[in-house]
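Peer 1: You'll find protein-v7.txt just under this line, and it carries compact mmCIF, C-alpha atoms.
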# COMPACT_ATOMS: atom_id res chain seq x y z
CA ILE A 83 25.00 -1.82 -56.79
CA SER A 84 25.45 1.38 -58.77
CA GLY A 85 23.80 -0.33 -61.72
CA LEU A 86 20.67 -0.83 -59.63
CA TYR A 87 20.72 2.76 -58.41
CA ASP A 88 21.62 4.25 -61.80
CA THR A 89 18.60 2.56 -63.41
CA THR A 90 16.20 4.45 -61.15
CA LEU A 91 17.57 7.78 -62.43
CA THR A 92 17.01 7.38 -66.16
CA THR A 93 13.27 7.97 -66.58
CA LEU A 94 12.51 11.19 -68.39
CA PRO A 95 9.18 12.68 -67.22
CA VAL A 96 6.75 12.12 -70.06
CA PHE A 97 4.55 15.14 -70.62
CA ASP A 98 1.97 13.05 -72.51
CA GLU A 99 1.39 11.00 -69.35
CA PHE A 100 -0.31 13.95 -67.67
CA GLY A 101 -4.08 13.62 -67.51
CA GLY A 102 -6.64 16.38 -67.66
CA LEU A 103 -7.24 18.71 -70.56
CA THR A 104 -5.91 18.70 -74.06
CA LEU A 105 -4.96 22.10 -75.40
CA GLU A 106 -8.17 22.13 -77.43
CA GLU A 107 -10.40 21.48 -74.37
CA ALA A 108 -8.92 24.04 -72.00
CA THR A 109 -10.79 27.20 -73.02
CA GLY A 110 -13.14 28.14 -70.17
CA ARG A 111 -12.56 24.84 -68.34
CA TYR A 112 -10.37 23.30 -65.67
CA ALA A 113 -9.75 19.64 -64.84
CA ILE A 114 -8.93 17.45 -61.86
CA TRP A 115 -7.25 14.25 -63.02
CA GLY A 116 -5.51 11.09 -61.87
CA LYS A 117 -3.43 8.41 -63.53
CA THR A 118 -1.98 5.02 -62.62
CA ASN A 119 0.93 3.36 -64.40
CA ILE A 120 2.67 -0.01 -64.35
CA ALA A 121 5.88 -0.79 -66.26
CA ASN A 122 8.30 -3.68 -66.65
CA TYR A 123 11.62 -3.28 -68.46
CA ASP A 124 15.27 -4.34 -68.70
CA SER A 125 18.12 -1.80 -68.73
CA PRO A 126 21.78 -2.63 -69.49
CA THR A 127 24.66 -1.55 -67.26
CA GLN A 128 28.31 -2.55 -67.13
CA GLU A 129 27.33 -4.85 -64.28
CA GLY A 130 24.59 -6.61 -66.25
CA SER A 131 20.93 -6.16 -67.16
CA VAL A 132 18.75 -4.57 -64.46
CA LYS A 133 15.14 -5.79 -64.39
CA THR A 134 12.69 -3.20 -63.11
CA THR A 135 9.01 -3.24 -62.21
CA LYS A 136 7.51 0.18 -61.58
CA TYR A 137 4.16 1.22 -60.11
CA SER A 138 3.08 4.85 -59.94
CA ALA A 139 0.08 7.03 -59.16
CA MET A 140 -0.21 10.67 -60.19
CA ALA A 141 -2.83 13.37 -59.61
CA GLY A 142 -3.06 16.99 -60.65
CA VAL A 143 -5.09 20.02 -61.63
CA ASP A 144 -5.08 21.77 -65.01
CA GLY A 145 -6.21 25.39 -64.87
CA SER A 146 -8.46 27.03 -67.42
CA ALA A 147 -6.67 28.51 -70.42
CA ILE A 148 -5.80 32.20 -70.10
CA GLN A 149 -5.79 34.27 -73.28
CA LEU A 150 -2.60 36.32 -73.69
CA ASP A 151 -3.64 38.89 -76.28
CA GLY A 152 -0.26 40.59 -76.49
CA LEU A 153 1.41 37.31 -77.45
CA ASN A 154 -1.50 35.95 -79.50
CA THR A 155 -1.38 32.72 -77.47
CA LYS A 156 -3.05 30.92 -74.57
CA PHE A 157 -1.57 29.79 -71.25
CA ILE A 158 -2.45 26.70 -69.16
CA PRO A 159 -0.99 26.15 -65.65
CA THR A 160 -0.74 22.66 -64.10
CA VAL A 161 0.26 21.40 -60.65
CA TYR A 162 0.72 17.72 -59.83
CA ALA A 163 2.04 15.16 -57.35
CA ALA A 164 3.08 11.54 -57.79
CA VAL A 165 4.18 8.48 -55.81
CA ILE A 166 6.44 5.91 -57.53
CA HIS A 167 7.54 2.48 -56.30
CA ARG A 168 10.23 0.39 -58.06
CA ASN A 169 11.47 -3.16 -57.55
CA LEU A 170 14.86 -3.83 -59.15
CA GLY A 171 16.96 -6.92 -59.72
CA LEU A 172 20.54 -7.45 -60.95
CA HIS A 173 21.94 -11.00 -60.84
CA SER A 174 21.36 -12.06 -57.22
CA TYR A 175 20.93 -8.49 -55.95
CA HIS A 176 17.51 -6.95 -55.34
CA ALA A 177 16.48 -3.47 -54.29
CA MET A 178 13.46 -1.22 -53.91
CA MET A 179 12.98 2.51 -54.29
CA ASN A 180 10.15 4.81 -53.23
CA GLU A 181 9.92 8.25 -54.78
CA TYR A 182 7.67 11.21 -53.95
CA VAL A 183 7.32 13.91 -56.61
CA GLY A 184 5.78 17.38 -56.75
CA GLY A 185 5.88 19.75 -59.67
CA ALA A 186 4.30 22.32 -61.93
CA LYS A 187 3.96 22.79 -65.66
CA ALA A 188 3.22 25.84 -67.79
CA ALA A 189 1.98 25.54 -71.39
CA TRP A 190 1.72 28.23 -74.06
CA PHE A 191 -0.06 27.32 -77.28
CA ASP A 192 -1.84 28.60 -80.37
CA ASP A 193 -3.51 26.79 -83.27
CA VAL A 194 -0.21 25.50 -84.66
CA LYS A 195 2.53 25.25 -82.02
CA SER A 196 3.04 24.83 -78.28
CA THR A 197 5.75 25.33 -75.68
CA GLU A 198 5.65 23.59 -72.30
CA LEU A 199 7.97 24.16 -69.33
CA GLN A 200 8.08 21.86 -66.32
CA ALA A 201 9.89 21.93 -62.98
CA SER A 202 9.76 19.22 -60.32
CA TYR A 203 11.29 18.11 -57.04
CA SER A 204 11.46 14.52 -55.82
CA TYR A 205 12.59 12.79 -52.65
CA SER A 206 13.67 9.15 -52.94
CA ARG A 207 14.61 6.31 -50.63
CA PHE A 208 16.63 3.41 -52.06
CA LYS A 209 17.31 0.16 -50.20
CA THR A 210 18.91 -3.15 -51.18
CA LYS A 211 17.14 -6.28 -49.93
CA ASP A 212 19.96 -8.82 -49.62
CA HIS A 213 23.77 -9.31 -49.55
CA PRO A 214 24.43 -7.48 -46.26
CA GLU A 215 28.13 -7.16 -47.03
CA LEU A 216 27.22 -4.79 -49.88
CA GLY A 217 23.86 -3.61 -48.57
CA LEU A 218 22.94 0.01 -49.19
CA ASN A 219 20.41 2.50 -47.84
CA ALA A 220 20.38 5.85 -49.62
CA ARG A 221 18.27 8.99 -49.76
CA SER A 222 18.34 11.47 -52.60
CA HIS A 223 16.87 14.78 -53.69
CA THR A 224 16.30 15.51 -57.37
CA VAL A 225 15.50 18.82 -59.06
CA SER A 226 14.50 18.62 -62.72
CA THR A 227 13.55 21.12 -65.41
CA PHE A 228 12.23 20.22 -68.85
CA ALA A 229 10.99 21.98 -71.95
CA LYS A 230 8.81 20.53 -74.70
CA PHE A 231 8.17 22.03 -78.12
CA GLY A 232 5.51 20.78 -80.53
CA TYR A 233 4.37 21.81 -84.00
CA ASN A 234 1.32 20.79 -86.07
CA MET A 235 3.11 20.07 -89.33
CA MET A 236 0.37 18.68 -91.58
CA LYS A 237 -2.72 16.52 -91.90
CA LEU A 238 -2.76 13.27 -93.87
CA ARG A 239 -6.30 12.01 -94.53
CA GLY A 240 -7.51 13.54 -91.28
CA VAL A 241 -4.52 12.41 -89.20
CA LEU A 242 -2.52 15.24 -87.64
CA VAL A 243 1.29 14.83 -87.87
CA ARG A 244 2.94 16.58 -84.92
CA PRO A 245 6.75 16.52 -84.40
CA GLU A 246 7.90 17.20 -80.84
CA ILE A 247 11.14 17.46 -78.91
CA VAL A 248 11.72 17.31 -75.14
CA ALA A 249 14.94 18.56 -73.55
CA GLY A 250 15.73 18.51 -69.86
CA TYR A 251 18.28 18.71 -67.05
CA SER A 252 18.26 16.93 -63.69
CA PHE A 253 20.48 17.31 -60.64
CA VAL A 254 20.51 14.45 -58.11
CA HIS A 255 21.98 15.06 -54.64
CA LEU A 256 22.64 12.05 -52.38
CA SER A 257 22.01 13.41 -48.90
CA LYS A 258 22.51 10.23 -46.85
CA ALA A 259 23.93 6.79 -47.56
CA ARG A 260 25.09 3.91 -45.39
CA SER A 261 25.80 0.22 -45.79
CA ALA A 262 24.05 -2.54 -43.89
CA THR A 263 27.23 -2.96 -41.84
CA ASP A 264 27.48 0.83 -41.22
CA SER A 265 30.73 1.07 -43.18
CA SER A 266 31.66 4.28 -44.95
CA VAL A 267 29.71 4.72 -48.21
CA LYS A 268 29.84 7.57 -50.69
CA LEU A 269 27.55 8.16 -53.66
CA ASN A 270 28.39 10.93 -56.09
CA ASP A 271 25.97 13.68 -57.07
CA LEU A 272 24.66 13.31 -60.61
CA HIS A 273 24.00 15.69 -63.50
CA ARG A 274 21.81 14.43 -66.33
CA ILE A 275 20.84 15.98 -69.67
CA SER A 276 17.99 14.31 -71.57
CA LEU A 277 16.83 14.64 -75.17
CA ARG A 278 13.72 13.04 -76.66
CA PRO A 279 12.77 13.89 -80.25
CA GLY A 280 9.66 12.22 -81.62
CA VAL A 281 6.55 12.47 -83.76
CA ASN A 282 2.86 11.96 -82.94
CA PHE A 283 0.06 10.89 -85.26
CA ILE A 284 -3.30 12.08 -83.91
CA LEU A 285 -6.86 11.33 -85.04
CA ARG A 286 -9.54 13.44 -83.35
CA ARG A 287 -13.28 12.79 -83.34
CA ASP A 288 -16.18 14.37 -81.47
CA THR A 289 -16.05 12.04 -78.45
CA PHE A 290 -12.64 10.36 -78.63
CA ASN A 291 -9.00 10.85 -79.64
CA VAL A 292 -6.64 8.15 -80.90
CA SER A 293 -2.90 8.70 -81.27
CA THR A 294 0.31 6.79 -81.90
CA SER A 295 3.85 8.04 -81.41
CA ILE A 296 7.47 7.10 -81.85
CA SER A 297 10.32 8.79 -79.97
CA TYR A 298 14.01 8.34 -79.17
CA LEU A 299 15.40 8.98 -75.69
CA ARG A 300 19.10 9.75 -75.13
CA GLN A 301 20.75 10.83 -71.89
CA PHE A 302 24.16 12.30 -71.12
CA GLY A 303 25.88 13.07 -67.84
CA THR A 304 27.91 11.78 -64.92
CA LYS A 305 28.27 8.11 -64.06
CA SER A 306 26.74 6.57 -60.97
CA LYS A 307 29.41 5.49 -58.48
CA VAL A 308 29.20 3.75 -55.12
CA THR A 309 32.38 3.88 -53.04
CA TYR A 310 32.83 1.50 -50.11
CA SER A 311 35.88 3.03 -48.41
CA PRO A 312 38.59 3.08 -49.50
CA GLU A 313 37.90 2.04 -53.12
CA VAL A 314 35.22 2.26 -55.77
CA ILE A 315 33.40 -1.06 -55.85
CA THR A 316 30.90 -0.31 -58.58
CA ASP A 317 30.91 2.20 -61.40
CA ALA A 318 27.94 2.02 -63.79
CA ASP A 319 27.89 3.65 -67.21
CA LYS A 320 24.45 3.12 -68.71
CA ILE A 321 23.30 6.61 -69.58
CA LYS A 322 25.11 6.83 -72.92
CA HIS A 323 22.73 4.29 -74.42
CA GLY A 324 19.52 5.48 -76.07
CA TYR A 325 16.35 3.62 -76.96
CA LEU A 326 13.23 3.90 -79.09
CA GLU A 327 9.72 3.98 -77.67
CA CYS A 328 6.47 3.36 -79.57
CA ALA A 329 3.12 4.18 -77.95
CA ALA A 330 -0.61 4.03 -78.62
CA ASN A 331 -3.14 6.12 -76.72
CA ILE A 332 -6.93 6.41 -76.71
CA GLU A 333 -9.08 8.93 -74.82
CA LYS A 334 -12.87 8.71 -74.65
CA ASN A 335 -15.29 11.40 -73.47
CA PHE A 336 -18.22 9.70 -71.72
CA SER A 337 -19.90 13.01 -70.97
CA ASN A 338 -19.11 16.70 -71.18
CA ASN A 339 -17.32 16.42 -67.82
CA LEU A 340 -15.79 12.92 -67.76
CA LYS A 341 -12.93 11.52 -69.82
CA LEU A 342 -11.11 8.17 -69.51
CA GLY A 343 -7.85 7.25 -71.18
CA MET A 344 -5.58 4.27 -71.76
CA LYS A 345 -2.00 4.19 -73.05
CA LEU A 346 0.35 1.34 -73.96
CA SER A 347 4.01 1.75 -74.91
CA LYS A 348 6.94 -0.50 -75.74
CA ALA A 349 10.66 0.26 -75.62
CA PHE A 350 13.23 -1.13 -78.06
CA GLY A 351 17.00 -1.04 -78.25
CA ARG A 352 19.30 -0.64 -75.25
CA ARG A 353 16.23 -0.59 -73.01
CA LYS A 354 13.47 -3.15 -73.55
CA GLY A 355 10.09 -3.28 -71.89
CA ILE A 356 6.42 -2.44 -71.86
CA GLN A 357 4.21 -0.16 -69.81
CA GLY A 358 0.54 0.72 -69.56
CA SER A 359 -1.49 3.44 -67.88
CA LEU A 360 -5.11 4.35 -67.13
CA SER A 361 -6.33 7.90 -66.55
CA VAL A 362 -9.50 9.69 -65.49
CA SER A 363 -10.26 13.39 -65.86
CA ILE A 364 -13.14 15.36 -64.35
CA MET A 365 -13.64 18.61 -66.24
CA ASN A 366 -15.66 21.61 -65.11
CA ASP A 367 -16.68 24.97 -66.52
CA SER A 368 -14.52 27.57 -64.77
CA LYS A 369 -17.30 30.17 -65.12
CA LYS A 370 -20.04 27.99 -63.67
CA GLY A 371 -22.10 29.76 -61.10
CA LYS A 372 -20.79 33.20 -62.01
The structure in this file should be written as structure tokens.

Peer 2:
Amino acid sequence: ISGLYDTTLTTLPVFDEFGGLTLEEATGRYAIWGKTNIANYDSPTQEGSVKTTKYSAMAGVDGSAIQLDGLNTKFIPTVYAAVIHRNLGLHSYHAMMNEYVGGAKAAWFDDVKSTELQASYSYSRFKTKDHPELGLNARSHTVSTFAKFGYNMMKLRGVLVRPEIVAGYSFVHLSKARSATDSSVKLNDLHRISLRPGVNFILRRDTFNVSTSISYLRQFGTKSKVTYSPEVITDADKIKHGYLECAANIEKNFSNNLKLGMKLSKAFGRRKGIQGSLSVSIMNDSKKGK
């Protein structure tokens, strides 16, 4: 059971999955954007491989860039919300999880480098679908903070090479948990540290951008435990395993105010799977009508 629950807690928010404006488009403009995502992957635990299908929808607003003359940089604020649904399977056990997320991001950038800070809160409901003797209903609250640093290192035949690193911390508090038979159940609070170094290769044209990336995700922190009184029944230890992810992304401007995007990615190593997303951004001149 803890293997099923632990798997839902190992997804590092991916900054690149935000829609809206690129840093280059943000001067004098703001954007309203939305994105849908579907993913299917296998994750190993001590209990076996957990198969997960994930569906999500996200929407947000990117503010117009603000020039910070004293720091010789620009600032972009973002607010967003998301709904995530997961179906999970481990041997003959099946579960579902619904998650509701709200957060904000702040980005500082110049012509060469960028720094992004993100904070989010999510409320989740987890429920097993079968095996009433070990059934579980749980609710959790998660607070996460992440920082991303990027640097335009060089151009190779028009392709920008941009190394990046994402580092983050998440705290997960299990507020309520009970078994299907109303027996005593305890789930421990979790602390997670995430690291994701990677490199992007970006080709920009007048009306479209194409990029590929490769990154490595590694997490550290407390194990997920489910205790059916008086003993620990399950004790998953999956977070020590890292995996590689390769992605390809294309964004096309169909007008000065409309942009559509598509992204595909594949995970290798201790986590295997594929995911795809579609995005739409409506951009407007922040000074229009003034």

Peer 1: Grab the atom CA of Gln357 of chain A to atom CA of Glu198 of chain A distance for me, in Å with one decimal place.

Peer 2: 23.9 Å

Peer 1: Compile the contact shell of Ile284 of chain A as a PDB file with C-alpha atoms, in the coordinates of the input: residues with an atom at most 8 Å away, counting only C-alpha atoms, same-chain residues fewer than 6 positions apart removed.

Peer 2:
ATOM      1  CA  VAL A 241      -4.520  12.410 -89.200  1.00  0.00           C
ATOM      2  CA  LEU A 242      -2.520  15.240 -87.640  1.00  0.00           C
ATOM      3  CA  VAL A 243       1.290  14.830 -87.870  1.00  0.00           C
ATOM      4  CA  ARG A 244       2.940  16.580 -84.920  1.00  0.00           C
ATOM      5  CA  ASN A 291      -9.000  10.850 -79.640  1.00  0.00           C
ATOM      6  CA  VAL A 292      -6.640   8.150 -80.900  1.00  0.00           C
ATOM      7  CA  SER A 293      -2.900   8.700 -81.270  1.00  0.00           C
ATOM      8  CA  THR A 294       0.310   6.790 -81.900  1.00  0.00           C
TER       9      THR A 294
END

Peer 1: In Å, with one decimal, what is the gap from atom CA of Ile356 of chain A to atom CA of Tyr137 of chain A?

Peer 2: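 Computing it gives 12.5 Å between the two atoms.
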
Peer 1: Would you work out the distance separating atom CA of Met179 of chain A from atom CA of Pro279 of chain A, expressed in Å to one decimal?

Peer 2: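 Value for the atom CA of Met179 of chain A-atom CA of Pro279 of chain A distance: 28.3 Å.
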
Peer 1: If we count all atoms listed in the file, what is near segment 233-236 of chain A at a cut-off of 8 Å, once residues fewer than 2 positions away on the same chain are taken out, given as a PyMOL selection string?

Peer 2: chain A and resi 194-196+231+238+242-246

Peer 1: Quick one: everything within 12 Å of segment 288-290 of chain A, counting all atoms listed in the file, minus sequence neighbours fewer than 2 positions away in the same chain. Send it as a PyMOL selection string.

Peer 2: chain A and resi 104+106-107+284-286+292-293+331-344

Peer 1: Using only C-alpha atoms, please write the residues we just selected to a file, as an mmCIF file, keeping the file's coordinate frame.

Peer 2:
data_model
loop_
_atom_site.group_PDB
_atom_site.id
_atom_site.type_symbol
_atom_site.label_atom_id
_atom_site.label_comp_id
_atom_site.auth_asym_id
_atom_site.auth_seq_id
_atom_site.Cartn_x
_atom_site.Cartn_y
_atom_site.Cartn_z
ATOM 1 C CA THR A 104 -5.910 18.700 -74.060
ATOM 2 C CA GLU A 106 -8.170 22.130 -77.430
ATOM 3 C CA GLU A 107 -10.400 21.480 -74.370
ATOM 4 C CA ILE A 284 -3.300 12.080 -83.910
ATOM 5 C CA LEU A 285 -6.860 11.330 -85.040
ATOM 6 C CA ARG A 286 -9.540 13.440 -83.350
ATOM 7 C CA VAL A 292 -6.640 8.150 -80.900
ATOM 8 C CA SER A 293 -2.900 8.700 -81.270
ATOM 9 C CA ASN A 331 -3.140 6.120 -76.720
ATOM 10 C CA ILE A 332 -6.930 6.410 -76.710
ATOM 11 C CA GLU A 333 -9.080 8.930 -74.820
ATOM 12 C CA LYS A 334 -12.870 8.710 -74.650
ATOM 13 C CA ASN A 335 -15.290 11.400 -73.470
ATOM 14 C CA PHE A 336 -18.220 9.700 -71.720
ATOM 15 C CA SER A 337 -19.900 13.010 -70.970
ATOM 16 C CA ASN A 338 -19.110 16.700 -71.180
ATOM 17 C CA ASN A 339 -17.320 16.420 -67.820
ATOM 18 C CA LEU A 340 -15.790 12.920 -67.760
ATOM 19 C CA LYS A 341 -12.930 11.520 -69.820
ATOM 20 C CA LEU A 342 -11.110 8.170 -69.510
ATOM 21 C CA GLY A 343 -7.850 7.250 -71.180
ATOM 22 C CA MET A 344 -5.580 4.270 -71.760
#

Peer 1: If I put a ball of radius 12 Å at (-1.0, 34.5, -79.9) in the file's coordinates, which residues poke into it when counting all atoms listed in the file, written as a PyMOL selection string?

Peer 2: chain A and resi 148-157+190-196

Peer 1: In the coordinates of the file, take the point (12.8, 12.9, -84.0) and a cut-off of 12 Å; then, counting all atoms listed in the file, name each qualifying protein, DNA or RNA residue as a count of residues only.

Peer 2: 21

Peer 1: Using all atoms listed in the file, find the one residue out of A:Asp367, A:Tyr205, A:Val362, A:Thr210 that sits nearest to Ile114 of chain A.

Peer 2: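 So, comparing all the options, the nearest one is A:Val362.
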
Peer 1: Please write N, CA and C atoms of segment 114-133 of chain A, from the structure given just now, as a compact mmCIF listing (two decimals), in the first residue's frame.

Peer 2:
# COMPACT_ATOMS: atom_id res chain seq x y z
N ILE A 114 -2.66 34.65 -20.67
CA ILE A 114 -3.54 33.69 -20.00
C ILE A 114 -3.35 32.37 -20.72
N TRP A 115 -3.07 31.30 -19.99
CA TRP A 115 -2.71 30.06 -20.65
C TRP A 115 -3.33 28.85 -19.95
N GLY A 116 -3.39 27.76 -20.70
CA GLY A 116 -3.89 26.49 -20.16
C GLY A 116 -3.10 25.34 -20.76
N LYS A 117 -3.08 24.23 -20.04
CA LYS A 117 -2.32 23.07 -20.51
C LYS A 117 -2.96 21.79 -19.99
N THR A 118 -3.02 20.78 -20.85
CA THR A 118 -3.46 19.44 -20.46
C THR A 118 -2.31 18.47 -20.61
N ASN A 119 -2.31 17.42 -19.78
CA ASN A 119 -1.20 16.47 -19.77
C ASN A 119 -1.73 15.07 -19.49
N ILE A 120 -1.16 14.09 -20.17
CA ILE A 120 -1.45 12.70 -19.89
C ILE A 120 -0.13 11.95 -19.82
N ALA A 121 0.00 11.05 -18.85
CA ALA A 121 1.26 10.32 -18.66
C ALA A 121 0.97 8.89 -18.25
N ASN A 122 1.87 8.00 -18.63
CA ASN A 122 1.79 6.59 -18.24
C ASN A 122 3.19 6.12 -17.93
N TYR A 123 3.42 5.58 -16.73
CA TYR A 123 4.77 5.18 -16.35
C TYR A 123 4.75 4.10 -15.28
N ASP A 124 5.89 3.42 -15.17
CA ASP A 124 6.11 2.40 -14.13
C ASP A 124 7.18 2.91 -13.17
N SER A 125 6.95 2.71 -11.86
CA SER A 125 7.91 3.13 -10.84
C SER A 125 8.19 1.97 -9.91
N PRO A 126 9.47 1.66 -9.63
CA PRO A 126 9.78 0.53 -8.74
C PRO A 126 9.65 0.89 -7.27
N THR A 127 9.17 -0.03 -6.48
CA THR A 127 9.20 0.06 -5.02
C THR A 127 9.66 -1.30 -4.49
N GLN A 128 9.88 -1.37 -3.19
CA GLN A 128 10.23 -2.66 -2.59
C GLN A 128 9.10 -3.66 -2.72
N GLU A 129 7.88 -3.17 -2.91
CA GLU A 129 6.72 -4.04 -3.02
C GLU A 129 6.48 -4.51 -4.44
N GLY A 130 7.15 -3.89 -5.42
CA GLY A 130 6.95 -4.22 -6.82
C GLY A 130 6.81 -2.96 -7.65
N SER A 131 6.56 -3.13 -8.94
CA SER A 131 6.45 -2.00 -9.86
C SER A 131 5.04 -1.42 -9.83
N VAL A 132 4.94 -0.12 -9.61
CA VAL A 132 3.65 0.57 -9.58
C VAL A 132 3.39 1.17 -10.96
N LYS A 133 2.26 0.81 -11.56
CA LYS A 133 1.87 1.36 -12.85
C LYS A 133 0.92 2.53 -12.63
